Amino acid sequence: MLIGEVARRSGVSARMLRHYESLGLVRPTGRTDGGYREYTDEDIRRIFHIESLRSLGLSLREVGRALDDPGFTPSELVDDLIRQTRERLAAETELLTRLHRIGAAEPTGWEDVLRTVALLQGLGSKSAGTRQRTALSSARGEPLPVEALVEAALGESDPIVAGALRWALARGAEGGPALLAKGLDSPAAEVRERAVRSLAELPDEEATALLRETLAHPDTVVRGHAALALGARGVAEAVPTLIDMIVEETNDVDAADALSALAGDPASADEIAAGLVERLAHAAAGAPARRRLAQALAEIPGATAAGALVELARDEDRSVALTATYIVELREGR
């Protein structure tokens with residue numbers, strides 16, 4: 001079969017077939033009387049083998065080695081191709097994400113594009129100082145792409161930079177709460193915590209609604225941050241989680257402060273006191289937990305809390321009784 005016919009049937013151009021020949025990948029077995037290249041069926045099979053290997057991403061040099069080196073082991077090369085493909089996909093995904101964020105910023109000119117690129121590079125810098133300055137740049141009227149800002153906040157390990165990123169998000173980046181909420185489902189505990197801490201600093205109603213839903217989250221750390229934030233906002237739904245935190249000695253001082261703030265409402269004060277008393281009566285609550293619950297009752301006004309403290313002053317555990325007695329005396333002296 002002559003080169004033109006081979007090119008037509010194989011889909012490989014005559015020019016590429018000549019290039020293969022110059023590299024020694026495939027040489028036509030014969031020549032016609034007129035000197036034209038003549039390919040046998042075996043030559044054509046080799047051409048198809050070459051094209052199949054090229055479709056996997058092999059270079060022509062690697063193709064030649066695969067076909068002609070008796071000691072060639074495919075598995076090693078396939079593993080290398082997998083690695084290269086993953087790296088290429090990661091780079092392409094990063095580029096696509098960056099382009100999407102530039103588009104979301106709705107640039108009106110190349111200056112806007114370059115400014116957005118600079119901000120994205122700043123958020124991704126290896127320098128904590130650069131990342132912090134970029135996060136704070138919104139104070140100068142330079143809006144940051146919200147998706148990039150959320151991604152940076154969820155991935156930031158430096159506490160100072162993380163604080164700057166949360167501050168930037170709290171300035172009203174549209175769509176921030178919903179994007180942060182996705183971080184609550186991350187398999188990484190640190191990402192879940194960053195997500196809820198960022199949500200806790202967003203003042204809008206959407207963030208409050210998401211924090212309410214988070215009270216049912218399976219991660220106790222996430223639930224705790226949500227409860228503290230909701231307590232500061234006067235949301236009584238946080239009370240059971242705050243009491244759990246006192247019993248479990250998880251940010252128990254902050255939880256007691258949050259309960260005290262919520263108890264400013266007389267109706268909430270009775271509910272809080274009743275919840276604390278209920279946990280005091282629970283058989284599983286040991287002496288340390290009972291002491292913490294008694295201390296939390298100290299800042300809760302009303303007859304329910306006062307009566308519970310009087311009862312605790314006669315508690316069989318001396319440390320609990322002494323704590324309650326001291327609190328009763330303080331309350332009576334006010």
# chains A, B, ... in the order shown; residues from 1 in each chain; ligands from 1
call {"tool": "select_by_dssp", "arguments": {"residues": "segment 47-77 of chain A", "states": "alpha helix (DSSP H)", "output": "PyMOL selection string"}}
result
chain A and resi 47-55+60-68+74-77
call {"tool": "closest_atom_pairs", "arguments": {"of": "segment 196-215 of chain A", "to": "segment 151-161 of chain A", "cutoff": "12 Å", "atoms": "only C-alpha atoms", "output": "CSV"}}
result
residue,atom,partner,partner_atom,distance
A:Val196,CA,A:Leu154,CA,9.6
A:Arg197,CA,A:Leu154,CA,9.7
A:Ser198,CA,A:Ala153,CA,7.6
A:Leu199,CA,A:Ala153,CA,10.7
call {"tool": "write_last_selection", "arguments": {"atoms": "N, CA, C and O atoms", "output": "CSV table (one decimal), in the first residue's frame"}}
result
chain,number,residue,atom,x,y,z
A,196,VAL,N,-17.1,27.3,60.4
A,196,VAL,CA,-18.1,27.8,61.4
A,196,VAL,C,-17.6,29.1,62.1
A,196,VAL,O,-18.4,30.0,62.4
A,197,ARG,N,-16.3,29.2,62.3
A,197,ARG,CA,-15.7,30.5,62.9
A,197,ARG,C,-15.9,31.6,61.9
A,197,ARG,O,-16.2,32.8,62.4
A,198,SER,N,-15.8,31.4,60.6
A,198,SER,CA,-16.0,32.5,59.7
A,198,SER,C,-17.5,32.8,59.6
A,198,SER,O,-17.9,34.0,59.6
A,199,LEU,N,-18.4,31.8,59.6
A,199,LEU,CA,-19.8,32.1,59.7
A,199,LEU,C,-20.2,32.9,60.9
A,199,LEU,O,-21.1,33.8,60.9
call {"tool": "atom_distance", "arguments": {"atom1": "atom CA of Ala195 of chain A", "atom2": "atom CA of Ala128 of chain A"}}
result
19.5 Å
call {"tool": "residues_around", "arguments": {"residues": "segment 166-183 of chain A", "least_positions_apart": "5", "cutoff": "7 Å", "atoms": "only C-alpha atoms", "output": "number ranges by chain"}}
result
A: 135-136, 138, 146, 150, 153, 191-192, 195, 198-199, 201-203, 206-207
call {"tool": "atom_distance", "arguments": {"atom1": "atom CA of Gly307 of chain A", "atom2": "atom CA of Val328 of chain A"}}
result
9.6 Å
call {"tool": "select_by_dssp", "arguments": {"residues": "segment 3-212 of chain A", "states": "strand (DSSP E)", "output": "number ranges by chain"}}
result
A: 30-31, 37-38
call {"tool": "residues_around", "arguments": {"residues": "segment 233-235 of chain A", "least_positions_apart": "3", "cutoff": "8 Å", "atoms": "only C-alpha atoms", "output": "short mmCIF file (atom, residue, chain, number, x, y, z; two decimals) with N, CA, C and O atoms, in the first residue's frame"}}
result
data_model
loop_
_atom_site.label_atom_id
_atom_site.label_comp_id
_atom_site.auth_asym_id
_atom_site.auth_seq_id
_atom_site.Cartn_x
_atom_site.Cartn_y
_atom_site.Cartn_z
N ALA A 229 -21.80 31.67 69.02
CA ALA A 229 -22.17 32.79 68.15
C ALA A 229 -23.66 33.11 68.27
O ALA A 229 -24.04 34.28 68.34
N LEU A 230 -24.49 32.08 68.32
CA LEU A 230 -25.93 32.30 68.43
C LEU A 230 -26.30 32.88 69.80
O LEU A 230 -27.20 33.71 69.92
N ALA A 238 -29.76 28.03 71.17
CA ALA A 238 -28.40 27.59 71.49
C ALA A 238 -28.26 27.06 72.91
O ALA A 238 -27.24 26.46 73.24
N ALA A 261 -25.62 36.02 79.18
CA ALA A 261 -26.11 37.07 78.28
C ALA A 261 -27.54 36.77 77.83
O ALA A 261 -28.39 37.67 77.78
N LEU A 262 -27.82 35.51 77.53
CA LEU A 262 -29.18 35.13 77.12
C LEU A 262 -30.18 35.31 78.26
O LEU A 262 -31.36 35.56 78.02
#
call {"tool": "residues_around", "arguments": {"residues": "Pro288 of chain A", "least_positions_apart": "3", "cutoff": "9 Å", "atoms": "only C-alpha atoms", "output": "VMD selection string"}}
result
chain A and resid 247 285 291 to 293 319 to 320
call {"tool": "decode", "arguments": {"residues": "segment 291-306 of chain A", "atoms": "all heavy atoms", "output": "PDB file, in the first residue's frame"}}
result
ATOM      1  N   ARG A 291     -20.182  21.053  89.674  1.00  0.00           N
ATOM      2  CA  ARG A 291     -19.608  22.327  90.116  1.00  0.00           C
ATOM      3  C   ARG A 291     -19.697  23.368  89.010  1.00  0.00           C
ATOM      4  O   ARG A 291     -20.034  24.528  89.251  1.00  0.00           O
ATOM      5  CB  ARG A 291     -18.147  22.144  90.550  1.00  0.00           C
ATOM      6  CG  ARG A 291     -17.964  21.529  91.919  1.00  0.00           C
ATOM      7  CD  ARG A 291     -16.553  21.770  92.439  1.00  0.00           C
ATOM      8  NE  ARG A 291     -15.531  21.254  91.537  1.00  0.00           N
ATOM      9  CZ  ARG A 291     -15.084  20.007  91.555  1.00  0.00           C
ATOM     10  NH1 ARG A 291     -15.597  19.128  92.412  1.00  0.00           N
ATOM     11  NH2 ARG A 291     -14.147  19.618  90.713  1.00  0.00           N
ATOM     12  N   ARG A 292     -19.393  22.957  87.790  1.00  0.00           N
ATOM     13  CA  ARG A 292     -19.459  23.903  86.670  1.00  0.00           C
ATOM     14  C   ARG A 292     -20.892  24.363  86.424  1.00  0.00           C
ATOM     15  O   ARG A 292     -21.134  25.537  86.123  1.00  0.00           O
ATOM     16  CB  ARG A 292     -18.867  23.264  85.402  1.00  0.00           C
ATOM     17  CG  ARG A 292     -17.366  23.026  85.477  1.00  0.00           C
ATOM     18  CD  ARG A 292     -16.800  22.672  84.105  1.00  0.00           C
ATOM     19  NE  ARG A 292     -17.308  21.417  83.594  1.00  0.00           N
ATOM     20  CZ  ARG A 292     -16.794  20.217  83.884  1.00  0.00           C
ATOM     21  NH1 ARG A 292     -15.747  20.121  84.699  1.00  0.00           N
ATOM     22  NH2 ARG A 292     -17.303  19.116  83.356  1.00  0.00           N
ATOM     23  N   LEU A 293     -21.848  23.452  86.577  1.00  0.00           N
ATOM     24  CA  LEU A 293     -23.247  23.823  86.408  1.00  0.00           C
ATOM     25  C   LEU A 293     -23.692  24.789  87.501  1.00  0.00           C
ATOM     26  O   LEU A 293     -24.446  25.737  87.244  1.00  0.00           O
ATOM     27  CB  LEU A 293     -24.117  22.563  86.417  1.00  0.00           C
ATOM     28  CG  LEU A 293     -23.997  21.661  85.179  1.00  0.00           C
ATOM     29  CD1 LEU A 293     -24.638  20.301  85.439  1.00  0.00           C
ATOM     30  CD2 LEU A 293     -24.651  22.315  83.960  1.00  0.00           C
ATOM     31  N   ALA A 294     -23.213  24.546  88.712  1.00  0.00           N
ATOM     32  CA  ALA A 294     -23.539  25.458  89.814  1.00  0.00           C
ATOM     33  C   ALA A 294     -22.965  26.838  89.559  1.00  0.00           C
ATOM     34  O   ALA A 294     -23.626  27.868  89.806  1.00  0.00           O
ATOM     35  CB  ALA A 294     -23.004  24.888  91.130  1.00  0.00           C
ATOM     36  N   GLN A 295     -21.742  26.878  89.056  1.00  0.00           N
ATOM     37  CA  GLN A 295     -21.117  28.168  88.739  1.00  0.00           C
ATOM     38  C   GLN A 295     -21.880  28.893  87.643  1.00  0.00           C
ATOM     39  O   GLN A 295     -21.998  30.127  87.658  1.00  0.00           O
ATOM     40  CB  GLN A 295     -19.660  27.939  88.332  1.00  0.00           C
ATOM     41  CG  GLN A 295     -18.773  27.516  89.493  1.00  0.00           C
ATOM     42  CD  GLN A 295     -17.442  26.936  89.048  1.00  0.00           C
ATOM     43  OE1 GLN A 295     -17.206  26.745  87.848  1.00  0.00           O
ATOM     44  NE2 GLN A 295     -16.564  26.644  90.000  1.00  0.00           N
ATOM     45  N   ALA A 296     -22.398  28.141  86.666  1.00  0.00           N
ATOM     46  CA  ALA A 296     -23.188  28.757  85.596  1.00  0.00           C
ATOM     47  C   ALA A 296     -24.483  29.338  86.152  1.00  0.00           C
ATOM     48  O   ALA A 296     -24.951  30.399  85.719  1.00  0.00           O
ATOM     49  CB  ALA A 296     -23.490  27.735  84.511  1.00  0.00           C
ATOM     50  N   LEU A 297     -25.093  28.666  87.160  1.00  0.00           N
ATOM     51  CA  LEU A 297     -26.320  29.168  87.778  1.00  0.00           C
ATOM     52  C   LEU A 297     -26.101  30.498  88.481  1.00  0.00           C
ATOM     53  O   LEU A 297     -27.048  31.278  88.672  1.00  0.00           O
ATOM     54  CB  LEU A 297     -26.857  28.143  88.780  1.00  0.00           C
ATOM     55  CG  LEU A 297     -27.679  26.984  88.214  1.00  0.00           C
ATOM     56  CD1 LEU A 297     -27.879  25.901  89.265  1.00  0.00           C
ATOM     57  CD2 LEU A 297     -29.033  27.490  87.708  1.00  0.00           C
ATOM     58  N   ALA A 298     -24.874  30.774  88.878  1.00  0.00           N
ATOM     59  CA  ALA A 298     -24.576  31.993  89.633  1.00  0.00           C
ATOM     60  C   ALA A 298     -24.999  33.241  88.887  1.00  0.00           C
ATOM     61  O   ALA A 298     -25.396  34.244  89.502  1.00  0.00           O
ATOM     62  CB  ALA A 298     -23.082  32.051  89.955  1.00  0.00           C
ATOM     63  N   GLU A 299     -24.898  33.216  87.553  1.00  0.00           N
ATOM     64  CA  GLU A 299     -25.190  34.415  86.757  1.00  0.00           C
ATOM     65  C   GLU A 299     -26.581  34.400  86.150  1.00  0.00           C
ATOM     66  O   GLU A 299     -26.903  35.254  85.332  1.00  0.00           O
ATOM     67  CB  GLU A 299     -24.144  34.549  85.640  1.00  0.00           C
ATOM     68  CG  GLU A 299     -22.709  34.678  86.136  1.00  0.00           C
ATOM     69  CD  GLU A 299     -22.510  35.900  87.020  1.00  0.00           C
ATOM     70  OE1 GLU A 299     -23.167  36.944  86.750  1.00  0.00           O
ATOM     71  OE2 GLU A 299     -21.733  35.821  87.985  1.00  0.00           O
ATOM     72  N   ILE A 300     -27.414  33.424  86.561  1.00  0.00           N
ATOM     73  CA  ILE A 300     -28.764  33.339  86.016  1.00  0.00           C
ATOM     74  C   ILE A 300     -29.749  33.892  87.053  1.00  0.00           C
ATOM     75  O   ILE A 300     -29.863  33.357  88.155  1.00  0.00           O
ATOM     76  CB  ILE A 300     -29.143  31.872  85.679  1.00  0.00           C
ATOM     77  CG1 ILE A 300     -28.050  31.230  84.806  1.00  0.00           C
ATOM     78  CG2 ILE A 300     -30.496  31.834  84.982  1.00  0.00           C
ATOM     79  CD1 ILE A 300     -27.790  31.926  83.499  1.00  0.00           C
ATOM     80  N   PRO A 301     -30.440  34.967  86.729  1.00  0.00           N
ATOM     81  CA  PRO A 301     -31.381  35.544  87.700  1.00  0.00           C
ATOM     82  C   PRO A 301     -32.662  34.715  87.811  1.00  0.00           C
ATOM     83  O   PRO A 301     -32.937  33.850  86.986  1.00  0.00           O
ATOM     84  CB  PRO A 301     -31.679  36.921  87.102  1.00  0.00           C
ATOM     85  CG  PRO A 301     -31.493  36.735  85.628  1.00  0.00           C
ATOM     86  CD  PRO A 301     -30.401  35.728  85.472  1.00  0.00           C
ATOM     87  N   GLY A 302     -33.423  34.986  88.866  1.00  0.00           N
ATOM     88  CA  GLY A 302     -34.724  34.358  88.991  1.00  0.00           C
ATOM     89  C   GLY A 302     -34.798  33.330  90.099  1.00  0.00           C
ATOM     90  O   GLY A 302     -33.781  32.844  90.622  1.00  0.00           O
ATOM     91  N   ALA A 303     -36.044  32.963  90.444  1.00  0.00           N
ATOM     92  CA  ALA A 303     -36.289  32.054  91.563  1.00  0.00           C
ATOM     93  C   ALA A 303     -35.824  30.631  91.272  1.00  0.00           C
ATOM     94  O   ALA A 303     -35.371  29.907  92.169  1.00  0.00           O
ATOM     95  CB  ALA A 303     -37.783  32.062  91.895  1.00  0.00           C
ATOM     96  N   THR A 304     -35.932  30.197  90.021  1.00  0.00           N
ATOM     97  CA  THR A 304     -35.542  28.820  89.688  1.00  0.00           C
ATOM     98  C   THR A 304     -34.067  28.597  89.962  1.00  0.00           C
ATOM     99  O   THR A 304     -33.674  27.598  90.591  1.00  0.00           O
ATOM    100  CB  THR A 304     -35.842  28.513  88.205  1.00  0.00           C
ATOM    101  OG1 THR A 304     -37.218  28.736  87.957  1.00  0.00           O
ATOM    102  CG2 THR A 304     -35.501  27.071  87.874  1.00  0.00           C
ATOM    103  N   ALA A 305     -33.221  29.520  89.517  1.00  0.00           N
ATOM    104  CA  ALA A 305     -31.781  29.405  89.753  1.00  0.00           C
ATOM    105  C   ALA A 305     -31.472  29.518  91.240  1.00  0.00           C
ATOM    106  O   ALA A 305     -30.648  28.762  91.788  1.00  0.00           O
ATOM    107  CB  ALA A 305     -31.035  30.479  88.973  1.00  0.00           C
ATOM    108  N   ALA A 306     -32.140  30.460  91.944  1.00  0.00           N
ATOM    109  CA  ALA A 306     -31.883  30.644  93.376  1.00  0.00           C
ATOM    110  C   ALA A 306     -32.250  29.395  94.162  1.00  0.00           C
ATOM    111  O   ALA A 306     -31.484  28.951  95.041  1.00  0.00           O
ATOM    112  CB  ALA A 306     -32.687  31.848  93.886  1.00  0.00           C
TER     113      ALA A 306
END
